[in-house]
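Chemist: Sharing coords_21.cif below, mmCIF, C-alpha atoms and all ligand atoms:
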data_final
#
loop_
_atom_site.group_PDB
_atom_site.id
_atom_site.type_symbol
_atom_site.label_atom_id
_atom_site.label_comp_id
_atom_site.auth_asym_id
_atom_site.auth_seq_id
_atom_site.Cartn_x
_atom_site.Cartn_y
_atom_site.Cartn_z
ATOM 1 C CA MET C 1 50.309 -69.567 49.246
ATOM 2 C CA ASN C 2 49.068 -68.803 45.801
ATOM 3 C CA PRO C 3 46.059 -66.547 46.348
ATOM 4 C CA HIS C 4 44.063 -68.438 43.752
ATOM 5 C CA LEU C 5 44.282 -71.600 45.782
ATOM 6 C CA SER C 6 42.388 -70.014 48.618
ATOM 7 C CA LYS C 7 39.319 -69.929 46.400
ATOM 8 C CA SER C 8 39.378 -73.640 45.861
ATOM 9 C CA ARG C 9 38.362 -76.307 48.233
ATOM 10 C CA LEU C 10 41.209 -78.349 49.624
ATOM 11 C CA ALA C 11 41.419 -81.534 47.704
ATOM 12 C CA MET C 12 43.653 -83.497 45.433
ATOM 13 C CA VAL C 13 43.972 -82.955 41.746
ATOM 14 C CA SER C 14 44.092 -85.480 38.993
ATOM 15 C CA LEU C 15 45.956 -84.371 35.939
ATOM 16 C CA LEU C 16 47.697 -87.510 34.835
ATOM 17 C CA PRO C 17 49.939 -87.697 32.931
ATOM 18 C CA LEU C 18 50.697 -84.170 34.047
ATOM 19 C CA THR C 19 50.658 -84.963 37.719
ATOM 20 C CA GLY C 20 54.316 -85.741 38.111
ATOM 21 C CA LEU C 21 55.335 -82.543 36.428
ATOM 22 C CA LEU C 22 52.766 -80.604 38.348
ATOM 23 C CA LEU C 23 54.109 -81.915 41.610
ATOM 24 C CA ALA C 24 57.625 -81.175 40.573
ATOM 25 C CA ALA C 25 56.623 -77.573 40.065
ATOM 26 C CA ASN C 26 54.461 -77.235 43.123
ATOM 27 C CA ALA C 27 54.885 -79.293 46.235
ATOM 28 C CA GLN C 28 51.701 -77.763 47.656
ATOM 29 C CA VAL C 29 49.532 -79.808 45.332
ATOM 30 C CA PRO C 30 48.753 -83.197 46.807
ATOM 31 C CA ALA C 31 49.784 -86.283 44.956
ATOM 32 C CA LYS C 32 47.930 -87.899 42.129
ATOM 33 C CA THR C 33 44.240 -88.279 42.132
ATOM 34 C CA LEU C 34 41.268 -88.240 44.378
ATOM 35 C CA ALA C 35 40.623 -91.140 46.580
ATOM 36 C CA ALA C 36 37.207 -92.532 45.777
ATOM 37 C CA GLY C 37 34.997 -91.743 48.678
ATOM 38 C CA GLY C 38 37.365 -89.066 49.914
ATOM 39 C CA ASP C 39 36.144 -86.224 52.041
ATOM 40 C CA ASP C 40 36.179 -83.642 49.271
ATOM 41 C CA PRO C 41 36.434 -84.678 45.648
ATOM 42 C CA ALA C 42 36.959 -81.172 44.297
ATOM 43 C CA PHE C 43 39.756 -80.198 41.964
ATOM 44 C CA VAL C 44 42.080 -77.410 42.977
ATOM 45 C CA LEU C 45 43.652 -74.851 40.699
ATOM 46 C CA PRO C 46 47.073 -76.198 39.723
ATOM 47 C CA THR C 47 49.860 -73.707 40.259
ATOM 48 C CA LEU C 48 51.658 -72.285 37.250
ATOM 49 C CA PRO C 49 55.107 -73.814 36.756
ATOM 50 C CA TYR C 50 56.595 -70.292 36.544
ATOM 51 C CA ALA C 51 55.868 -66.774 37.750
ATOM 52 C CA GLN C 52 53.176 -64.859 35.887
ATOM 53 C CA ASP C 53 55.760 -62.420 34.528
ATOM 54 C CA ALA C 54 58.321 -65.086 33.647
ATOM 55 C CA LEU C 55 57.322 -65.312 29.990
ATOM 56 C CA GLU C 56 57.695 -61.611 29.273
ATOM 57 C CA PRO C 57 58.242 -59.935 26.917
ATOM 58 C CA HIS C 58 56.789 -62.660 24.720
ATOM 59 C CA LEU C 59 53.676 -63.248 26.834
ATOM 60 C CA SER C 60 52.776 -60.533 29.292
ATOM 61 C CA ALA C 61 51.997 -60.905 32.983
ATOM 62 C CA ARG C 62 48.741 -59.075 32.262
ATOM 63 C CA THR C 63 47.676 -61.715 29.766
ATOM 64 C CA LEU C 64 48.767 -64.592 31.984
ATOM 65 C CA SER C 65 47.078 -63.065 35.014
ATOM 66 C CA VAL C 66 43.724 -62.953 33.244
ATOM 67 C CA HIS C 67 44.185 -66.230 31.376
ATOM 68 C CA TYR C 68 45.337 -68.226 34.382
ATOM 69 C CA GLY C 69 43.653 -66.341 37.192
ATOM 70 C CA LYS C 70 40.267 -65.754 35.571
ATOM 71 C CA HIS C 71 39.615 -68.083 32.632
ATOM 72 C CA TYR C 72 41.393 -71.143 34.017
ATOM 73 C CA GLN C 73 40.013 -70.566 37.514
ATOM 74 C CA THR C 74 36.495 -70.394 36.055
ATOM 75 C CA TYR C 75 36.926 -73.728 34.287
ATOM 76 C CA VAL C 76 38.078 -75.327 37.547
ATOM 77 C CA ASP C 77 35.175 -73.790 39.471
ATOM 78 C CA ASN C 78 32.630 -74.832 36.825
ATOM 79 C CA LEU C 79 34.053 -78.359 36.747
ATOM 80 C CA ASN C 80 33.647 -78.669 40.499
ATOM 81 C CA THR C 81 30.115 -77.298 40.406
ATOM 82 C CA LEU C 82 29.016 -79.596 37.584
ATOM 83 C CA ALA C 83 30.703 -82.717 38.952
ATOM 84 C CA ALA C 84 29.535 -82.263 42.525
ATOM 85 C CA ASP C 85 27.028 -84.848 43.693
ATOM 86 C CA THR C 86 27.206 -86.778 40.426
ATOM 87 C CA LYS C 87 28.809 -90.106 39.602
ATOM 88 C CA MET C 88 31.716 -88.101 38.161
ATOM 89 C CA ALA C 89 32.681 -86.671 41.529
ATOM 90 C CA GLY C 90 35.964 -88.154 42.642
ATOM 91 C CA LEU C 91 36.945 -89.507 39.236
ATOM 92 C CA PRO C 92 40.306 -88.574 37.725
ATOM 93 C CA LEU C 93 40.098 -85.670 35.306
ATOM 94 C CA GLU C 94 41.040 -87.837 32.333
ATOM 95 C CA GLU C 95 38.262 -90.276 33.186
ATOM 96 C CA ILE C 96 35.670 -87.505 33.330
ATOM 97 C CA ILE C 97 36.810 -86.312 29.896
ATOM 98 C CA ARG C 98 36.640 -89.788 28.384
ATOM 99 C CA GLN C 99 33.241 -90.564 29.903
ATOM 100 C CA THR C 100 31.635 -87.299 28.770
ATOM 101 C CA ALA C 101 33.204 -86.874 25.315
ATOM 102 C CA GLY C 102 30.685 -86.926 22.487
ATOM 103 C CA LYS C 103 27.663 -86.900 24.818
ATOM 104 C CA PRO C 104 25.497 -83.805 24.227
ATOM 105 C CA ASP C 105 23.840 -84.106 27.625
ATOM 106 C CA GLN C 106 27.278 -84.003 29.258
ATOM 107 C CA ALA C 107 28.637 -81.126 27.180
ATOM 108 C CA GLY C 108 29.013 -78.701 30.069
ATOM 109 C CA LEU C 109 31.019 -81.130 32.129
ATOM 110 C CA PHE C 110 33.137 -82.183 29.166
ATOM 111 C CA ASN C 111 33.869 -78.607 28.119
ATOM 112 C CA ASN C 112 35.042 -77.519 31.544
ATOM 113 C CA ALA C 113 36.974 -80.708 32.327
ATOM 114 C CA ALA C 114 38.697 -80.620 28.937
ATOM 115 C CA GLN C 115 39.516 -76.948 29.285
ATOM 116 C CA VAL C 116 41.157 -77.620 32.649
ATOM 117 C CA TRP C 117 43.210 -80.404 31.081
ATOM 118 C CA ASN C 118 44.052 -78.439 27.931
ATOM 119 C CA HIS C 119 45.161 -75.370 29.842
ATOM 120 C CA THR C 120 47.255 -77.367 32.296
ATOM 121 C CA PHE C 121 48.952 -78.897 29.281
ATOM 122 C CA PHE C 122 49.370 -75.489 27.675
ATOM 123 C CA TRP C 123 51.116 -74.024 30.725
ATOM 124 C CA LYS C 124 53.525 -76.949 30.580
ATOM 125 C CA SER C 125 54.042 -76.435 26.865
ATOM 126 C CA MET C 126 55.771 -73.132 27.587
ATOM 127 C CA LYS C 127 58.751 -72.044 29.666
ATOM 128 C CA PRO C 128 60.894 -68.952 30.157
ATOM 129 C CA ASN C 129 63.582 -68.764 27.477
ATOM 130 C CA GLY C 130 61.771 -71.412 25.493
ATOM 131 C CA GLY C 131 61.520 -71.824 21.768
ATOM 132 C CA GLY C 132 64.457 -72.972 19.753
ATOM 133 C CA ALA C 133 64.328 -76.500 18.409
ATOM 134 C CA PRO C 134 63.817 -79.936 19.918
ATOM 135 C CA THR C 135 66.719 -82.300 20.310
ATOM 136 C CA GLY C 136 67.237 -86.025 20.418
ATOM 137 C CA LYS C 137 64.628 -88.548 19.348
ATOM 138 C CA LEU C 138 61.781 -86.033 19.140
ATOM 139 C CA ALA C 139 63.834 -83.891 16.784
ATOM 140 C CA GLU C 140 64.554 -86.939 14.644
ATOM 141 C CA ARG C 141 60.878 -87.912 14.540
ATOM 142 C CA ILE C 142 59.772 -84.388 13.656
ATOM 143 C CA THR C 143 62.269 -84.258 10.799
ATOM 144 C CA ALA C 144 61.251 -87.709 9.602
ATOM 145 C CA THR C 145 57.553 -86.832 9.731
ATOM 146 C CA PHE C 146 57.476 -83.279 8.419
ATOM 147 C CA GLY C 147 60.669 -83.128 6.369
ATOM 148 C CA SER C 148 62.417 -80.526 8.490
ATOM 149 C CA PHE C 149 61.917 -78.540 11.663
ATOM 150 C CA ASP C 150 61.121 -75.451 9.609
ATOM 151 C CA ALA C 151 58.458 -77.422 7.763
ATOM 152 C CA PHE C 152 57.023 -78.501 11.100
ATOM 153 C CA LYS C 153 56.880 -74.897 12.302
ATOM 154 C CA ALA C 154 55.139 -73.825 9.110
ATOM 155 C CA ALA C 155 52.571 -76.615 9.407
ATOM 156 C CA PHE C 156 51.957 -75.963 13.107
ATOM 157 C CA SER C 157 51.492 -72.254 12.410
ATOM 158 C CA GLU C 158 49.100 -73.026 9.597
ATOM 159 C CA ALA C 159 46.997 -75.193 11.914
ATOM 160 C CA ALA C 160 46.976 -72.496 14.594
ATOM 161 C CA LEU C 161 46.064 -69.735 12.164
ATOM 162 C CA THR C 162 43.368 -71.656 10.310
ATOM 163 C CA GLN C 163 41.534 -72.843 13.415
ATOM 164 C CA PHE C 164 38.355 -70.859 12.870
ATOM 165 C CA GLY C 165 37.252 -69.288 16.115
ATOM 166 C CA SER C 166 38.309 -70.638 19.463
ATOM 167 C CA GLY C 167 40.443 -73.726 19.775
ATOM 168 C CA TRP C 168 43.852 -75.294 19.968
ATOM 169 C CA ALA C 169 46.756 -76.350 17.751
ATOM 170 C CA TRP C 170 48.508 -79.554 18.771
ATOM 171 C CA LEU C 171 51.431 -81.799 18.044
ATOM 172 C CA VAL C 172 50.169 -85.263 18.901
ATOM 173 C CA GLN C 173 51.276 -88.855 18.716
ATOM 174 C CA GLU C 174 48.807 -91.324 17.249
ATOM 175 C CA GLY C 175 50.215 -94.818 17.493
ATOM 176 C CA ASP C 176 53.764 -94.375 16.221
ATOM 177 C CA THR C 177 52.882 -91.387 14.069
ATOM 178 C CA LEU C 178 53.320 -87.712 14.831
ATOM 179 C CA LYS C 179 50.550 -85.423 13.628
ATOM 180 C CA ILE C 180 49.641 -81.760 13.757
ATOM 181 C CA ILE C 181 45.971 -81.267 14.482
ATOM 182 C CA LYS C 182 43.647 -78.479 15.521
ATOM 183 C CA THR C 183 40.643 -78.787 17.802
ATOM 184 C CA SER C 184 37.666 -76.479 18.315
ATOM 185 C CA ASN C 185 36.607 -74.962 21.597
ATOM 186 C CA ALA C 186 37.393 -77.453 24.374
ATOM 187 C CA ASP C 187 37.951 -80.495 22.185
ATOM 188 C CA THR C 188 41.102 -82.356 23.126
ATOM 189 C CA PRO C 189 43.292 -85.149 21.720
ATOM 190 C CA LEU C 190 42.542 -87.083 24.880
ATOM 191 C CA ALA C 191 39.018 -87.633 23.589
ATOM 192 C CA HIS C 192 40.324 -89.081 20.339
ATOM 193 C CA GLY C 193 42.851 -91.620 21.565
ATOM 194 C CA GLN C 194 45.786 -89.373 20.726
ATOM 195 C CA THR C 195 48.707 -88.501 22.964
ATOM 196 C CA ALA C 196 49.281 -84.765 23.226
ATOM 197 C CA LEU C 197 52.892 -83.629 22.975
ATOM 198 C CA LEU C 198 52.524 -79.865 22.590
ATOM 199 C CA THR C 199 49.719 -77.335 22.364
ATOM 200 C CA CYS C 200 49.098 -73.684 21.641
ATOM 201 C CA ASP C 201 45.910 -72.069 22.901
ATOM 202 C CA VAL C 202 44.438 -69.966 20.103
ATOM 203 C CA TRP C 203 41.352 -68.732 21.908
ATOM 204 C CA GLU C 204 41.416 -64.941 21.670
ATOM 205 C CA HIS C 205 41.825 -64.673 25.452
ATOM 206 C CA ALA C 206 45.291 -66.214 25.008
ATOM 207 C CA TYR C 207 46.668 -63.291 23.021
ATOM 208 C CA TYR C 208 44.218 -60.406 22.615
ATOM 209 C CA LEU C 209 45.649 -58.190 25.379
ATOM 210 C CA ASP C 210 49.140 -58.495 23.879
ATOM 211 C CA HIS C 211 48.475 -58.707 20.161
ATOM 212 C CA LEU C 212 44.833 -57.670 19.645
ATOM 213 C CA ASN C 213 43.610 -59.609 16.597
ATOM 214 C CA ARG C 214 47.076 -60.609 15.407
ATOM 215 C CA ARG C 215 47.025 -64.309 16.219
ATOM 216 C CA LYS C 216 49.944 -64.798 13.849
ATOM 217 C CA ASP C 217 52.214 -62.693 16.069
ATOM 218 C CA PHE C 218 51.266 -64.750 19.121
ATOM 219 C CA VAL C 219 51.843 -68.072 17.356
ATOM 220 C CA GLN C 220 55.229 -66.889 16.118
ATOM 221 C CA ALA C 221 56.210 -65.775 19.641
ATOM 222 C CA PHE C 222 55.020 -69.135 20.969
ATOM 223 C CA LEU C 223 57.159 -71.101 18.525
ATOM 224 C CA ASP C 224 60.222 -68.859 18.636
ATOM 225 C CA HIS C 225 60.405 -67.981 22.340
ATOM 226 C CA LEU C 226 58.004 -69.970 24.507
ATOM 227 C CA VAL C 227 57.823 -73.636 23.502
ATOM 228 C CA ASN C 228 59.076 -76.076 26.110
ATOM 229 C CA TRP C 229 60.526 -78.809 23.936
ATOM 230 C CA ASP C 230 61.760 -80.766 26.949
ATOM 231 C CA PHE C 231 58.165 -81.112 28.104
ATOM 232 C CA ALA C 232 57.036 -82.197 24.627
ATOM 233 C CA ALA C 233 59.778 -84.822 24.499
ATOM 234 C CA SER C 234 58.756 -86.113 27.937
ATOM 235 C CA GLN C 235 55.244 -86.859 26.664
ATOM 236 C CA VAL C 236 56.332 -89.135 23.797
ATOM 237 C CA LYS C 237 55.320 -92.739 24.357
HETATM 238 FE FE FE2 X 1 42.782 -70.387 27.195
#
Any chance you could put this one into structure tokens?
Modeler:
Amino acid sequence: MNPHLSKSRLAMVSLLPLTGLLLAANAQVPAKTLAAGGDDPAFVLPTLPYAQDALEPHLSARTLSVHYGKHYQTYVDNLNTLAADTKMAGLPLEEIIRQTAGKPDQAGLFNNAAQVWNHTFFWKSMKPNGGGAPTGKLAERITATFGSFDAFKAAFSEAALTQFGSGWAWLVQEGDTLKIIKTSNADTPLAHGQTALLTCDVWEHAYYLDHLNRRKDFVQAFLDHLVNWDFAASQVK
């Protein structure tokens, strides 16, 4: 068993629309969401869809160990602590995010819930031997929207590099339109009615051990060698 799971209470996890993919990667994680009134409404730490060294040399096991095992685990633990014994306990993760977004008195819960969701999406946005270019309908839509795949990569990089401080760069779908956006801290497209297709974590903890301050090197490695375009295509509505 993943040693990180032993730190979490046994319960079911709600990460729709990620759940199906999560289950495909890890049969240990129970299906879908919490049953209202269940015995233990805590979230468990979802298992990575690949080994911690599987993204080397482009993303080191050392970075992933700290990012997944420490930062991500802390968000899950904080979420459980903050949601416990509140009306949020037992709700699906997406529902907690939607109900707390934009409410200053719920900022702690929103930040930790959104960071769990964002990171789960980020793990899925990468794969060993990733990168390259999308194919099929997503490729056609990216070309139609941004002019070319190279233009998309330039615009995505620009968003990632100009996000001041901690945050995320995203490819999202808004209605029938594809957009590149950036969000600060824990903010997430889910809170803005957008469908996330792809994300890159640009918090310093995502790259500092490998690249120090050179976020540009990390973003280039992400686009050239890590992106899971099959996952992005699977999220298109
Ligand atoms: Fe992160």
Chemist: Spell out the residues picked by the PyMOL selection byres (((chain C and resi 171) around 8) and not hetatm) here, as a list in words.
Modeler: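 Evaluating the PyMOL selection byres (((chain C and resi 171) around 8) and not hetatm) on these coordinates yields Phe156, Ala169, Trp170, Val172, Gln173, Leu178, Lys179, Ile180, Ile181, Ala196, Leu197, Leu198 and Thr199 of chain C.
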Chemist: Would you list the residues that come within 9 Å of ligand FE2 1 (chain X)? Count only C-alpha atoms and all ligand atoms and give the answer as a PyMOL selection string.
Modeler: chain C and resi 67-68+71-72+115+118-119+122+166-168+201-206
Chemist: Here is a test: counting all atoms listed in the file, which residue of C:Lys137, C:Gln52, C:Phe218, C:Leu190 is nearest to C:Glu95?
Modeler: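 So, comparing all the options, the nearest one is C:Leu190.
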Chemist: Which distance in Å separates atom CA of C:Thr195 and atom CA of C:Ser157, to one decimal?
Modeler: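 If I compute the distance from atom CA of C:Thr195 to atom CA of C:Ser157, I get 19.6 Å.
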Chemist: Can you work out which one of C:Leu55, C:Leu64, C:Leu109, C:Ile97 has the shortest atom-to-atom distance to C:Thr81, counting all atoms listed in the file?
Modeler: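 That would be C:Leu109, the residue with the smallest distance to C:Thr81.
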Chemist: For C:Pro57, work out the shell of residues within 10 Å, counting all atoms listed in the file and skipping chain neighbours fewer than 5 positions away, then give it as a list in words.
Modeler: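 So the residues in contact are Pro128, Asp210, Ala221 and His225 of chain C.
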Chemist: Pick out the residues sitting within 9 Å of stretch 141-148 of chain C, and hand them over as a PyMOL selection string; count only C-alpha atoms, and ignore anything fewer than 5 positions along from it in its own chain.
Modeler: chain C and resi 134+136+153+155+177-179
Chemist: Which of these, C:Ala154, C:Ala113, C:Lys127, C:Leu161, has the shortest distance to C:Ala89 once you count all atoms listed in the file?
Modeler: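 Ranked by minimum distance to C:Ala89, first place goes to C:Ala113.
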Chemist: Which residue is closest to C:Ser234? Choose from C:Ala151, C:Val219, C:Ala54, C:Leu138 and count all atoms listed in the file.
Modeler: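 Among the listed residues, the smallest separation from C:Ser234 belongs to C:Leu138.
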Chemist: When distances are computed from only C-alpha atoms, which of C:Glu94, C:Asp150, C:Asp53, C:Asp187 shows the smallest separation from C:Leu223?
Modeler: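 The answer is C:Asp150, which sits nearest to C:Leu223.
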Chemist: Selection in question (the file shown): the PyMOL selection byres (((chain C and resi 110) around 8) and not hetatm). Which residues does it include, as a list in words?
Modeler: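 Selected by the PyMOL selection byres (((chain C and resi 110) around 8) and not hetatm) here: Ile96, Ile97, Thr100, Ala101, Gln106, Ala107, Gly108, Leu109, Asn111, Asn112, Ala113, Ala114 and Ala186 of chain C.
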Chemist: Set the distance at 10 Å and use all atoms listed in the file: which residues neighbour C:Phe222 once local chain neighbours fewer than 5 positions away are removed? I'd like the list as a PyMOL selection string.
Modeler: chain C and resi 58-59+125-127+130-131+157+199-201+216-217+227-228
Chemist: I'd like the interatomic distance between atom CA of C:Gln194 and atom CA of C:Glu174, to a tenth of an Å.
Modeler: 5.0 Å
Chemist: Would you mind reading off the distance between atom CA of C:Phe164 and atom CA of C:Lys124, one decimal, in Å?
Modeler: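 These atoms are spaced 24.1 Å apart.
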Chemist: Considering only C-alpha atoms, can you say which of C:Asp85, C:Leu209, C:Lys237, C:Trp229 comes closest to C:Ser60?
Modeler: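 Nearest candidate to C:Ser60 out of C:Asp85, C:Leu209, C:Lys237, C:Trp229: C:Leu209.
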Chemist: Once you add 3 Å to each side, what are the centre and edge lengths of the axis-aligned box holding all listed atoms of stretch 151-160 of chain C? One decimal in Å, as lines of an AutoDock Vina configuration file, if you can.
Modeler:
center_x = 52.7
center_y = -75.4
center_z = 11.2
size_x = 17.5
size_y = 12.2
size_z = 12.8
Chemist: Residues within 6 Å of (38.3, -86.7, 42.7), file coordinates, counting all atoms listed in the file: what are they? Give the list as a PDB file with C-alpha atoms, in the frame of the given file.
Modeler:
ATOM      1  CA  LEU C  34      41.268 -88.240  44.378  1.00  0.00           C
ATOM      2  CA  PRO C  41      36.434 -84.678  45.648  1.00  0.00           C
ATOM      3  CA  ALA C  42      36.959 -81.172  44.297  1.00  0.00           C
ATOM      4  CA  ALA C  89      32.681 -86.671  41.529  1.00  0.00           C
ATOM      5  CA  GLY C  90      35.964 -88.154  42.642  1.00  0.00           C
ATOM      6  CA  LEU C  91      36.945 -89.507  39.236  1.00  0.00           C
ATOM      7  CA  PRO C  92      40.306 -88.574  37.725  1.00  0.00           C
TER       8      PRO C  92
END
Chemist: How would stretch 72-85 of chain C look with N, CA and C atoms restored, written as a PDB file, in the frame of the given file?
Modeler:
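Contents of the output file selection15.pdb:
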ATOM      1  N   TYR C  72      41.061 -69.797  33.523  1.00  0.00           N
ATOM      2  CA  TYR C  72      41.393 -71.143  34.017  1.00  0.00           C
ATOM      3  C   TYR C  72      40.677 -71.414  35.343  1.00  0.00           C
ATOM      4  N   GLN C  73      40.700 -70.414  36.226  1.00  0.00           N
ATOM      5  CA  GLN C  73      40.013 -70.566  37.514  1.00  0.00           C
ATOM      6  C   GLN C  73      38.530 -70.851  37.304  1.00  0.00           C
ATOM      7  N   THR C  74      37.916 -70.188  36.319  1.00  0.00           N
ATOM      8  CA  THR C  74      36.495 -70.394  36.055  1.00  0.00           C
ATOM      9  C   THR C  74      36.229 -71.816  35.581  1.00  0.00           C
ATOM     10  N   TYR C  75      37.113 -72.343  34.734  1.00  0.00           N
ATOM     11  CA  TYR C  75      36.926 -73.728  34.287  1.00  0.00           C
ATOM     12  C   TYR C  75      37.002 -74.691  35.472  1.00  0.00           C
ATOM     13  N   VAL C  76      37.949 -74.465  36.363  1.00  0.00           N
ATOM     14  CA  VAL C  76      38.078 -75.327  37.547  1.00  0.00           C
ATOM     15  C   VAL C  76      36.825 -75.215  38.417  1.00  0.00           C
ATOM     16  N   ASP C  77      36.374 -73.989  38.638  1.00  0.00           N
ATOM     17  CA  ASP C  77      35.175 -73.790  39.471  1.00  0.00           C
ATOM     18  C   ASP C  77      33.942 -74.437  38.833  1.00  0.00           C
ATOM     19  N   ASN C  78      33.774 -74.237  37.523  1.00  0.00           N
ATOM     20  CA  ASN C  78      32.630 -74.832  36.825  1.00  0.00           C
ATOM     21  C   ASN C  78      32.687 -76.356  36.869  1.00  0.00           C
ATOM     22  N   LEU C  79      33.885 -76.900  36.685  1.00  0.00           N
ATOM     23  CA  LEU C  79      34.053 -78.359  36.747  1.00  0.00           C
ATOM     24  C   LEU C  79      33.602 -78.876  38.110  1.00  0.00           C
ATOM     25  N   ASN C  80      34.034 -78.216  39.158  1.00  0.00           N
ATOM     26  CA  ASN C  80      33.647 -78.669  40.499  1.00  0.00           C
ATOM     27  C   ASN C  80      32.141 -78.554  40.723  1.00  0.00           C
ATOM     28  N   THR C  81      31.557 -77.477  40.237  1.00  0.00           N
ATOM     29  CA  THR C  81      30.115 -77.298  40.406  1.00  0.00           C
ATOM     30  C   THR C  81      29.330 -78.375  39.654  1.00  0.00           C
ATOM     31  N   LEU C  82      29.760 -78.645  38.417  1.00  0.00           N
ATOM     32  CA  LEU C  82      29.016 -79.596  37.584  1.00  0.00           C
ATOM     33  C   LEU C  82      29.224 -81.045  38.016  1.00  0.00           C
ATOM     34  N   ALA C  83      30.410 -81.331  38.562  1.00  0.00           N
ATOM     35  CA  ALA C  83      30.703 -82.717  38.952  1.00  0.00           C
ATOM     36  C   ALA C  83      30.171 -83.055  40.343  1.00  0.00           C
ATOM     37  N   ALA C  84      29.948 -82.028  41.143  1.00  0.00           N
ATOM     38  CA  ALA C  84      29.535 -82.263  42.525  1.00  0.00           C
ATOM     39  C   ALA C  84      28.245 -83.075  42.584  1.00  0.00           C
ATOM     40  N   ASP C  85      28.224 -84.035  43.457  1.00  0.00           N
ATOM     41  CA  ASP C  85      27.028 -84.848  43.693  1.00  0.00           C
ATOM     42  C   ASP C  85      26.572 -85.624  42.459  1.00  0.00           C
TER      43      ASP C  85
END
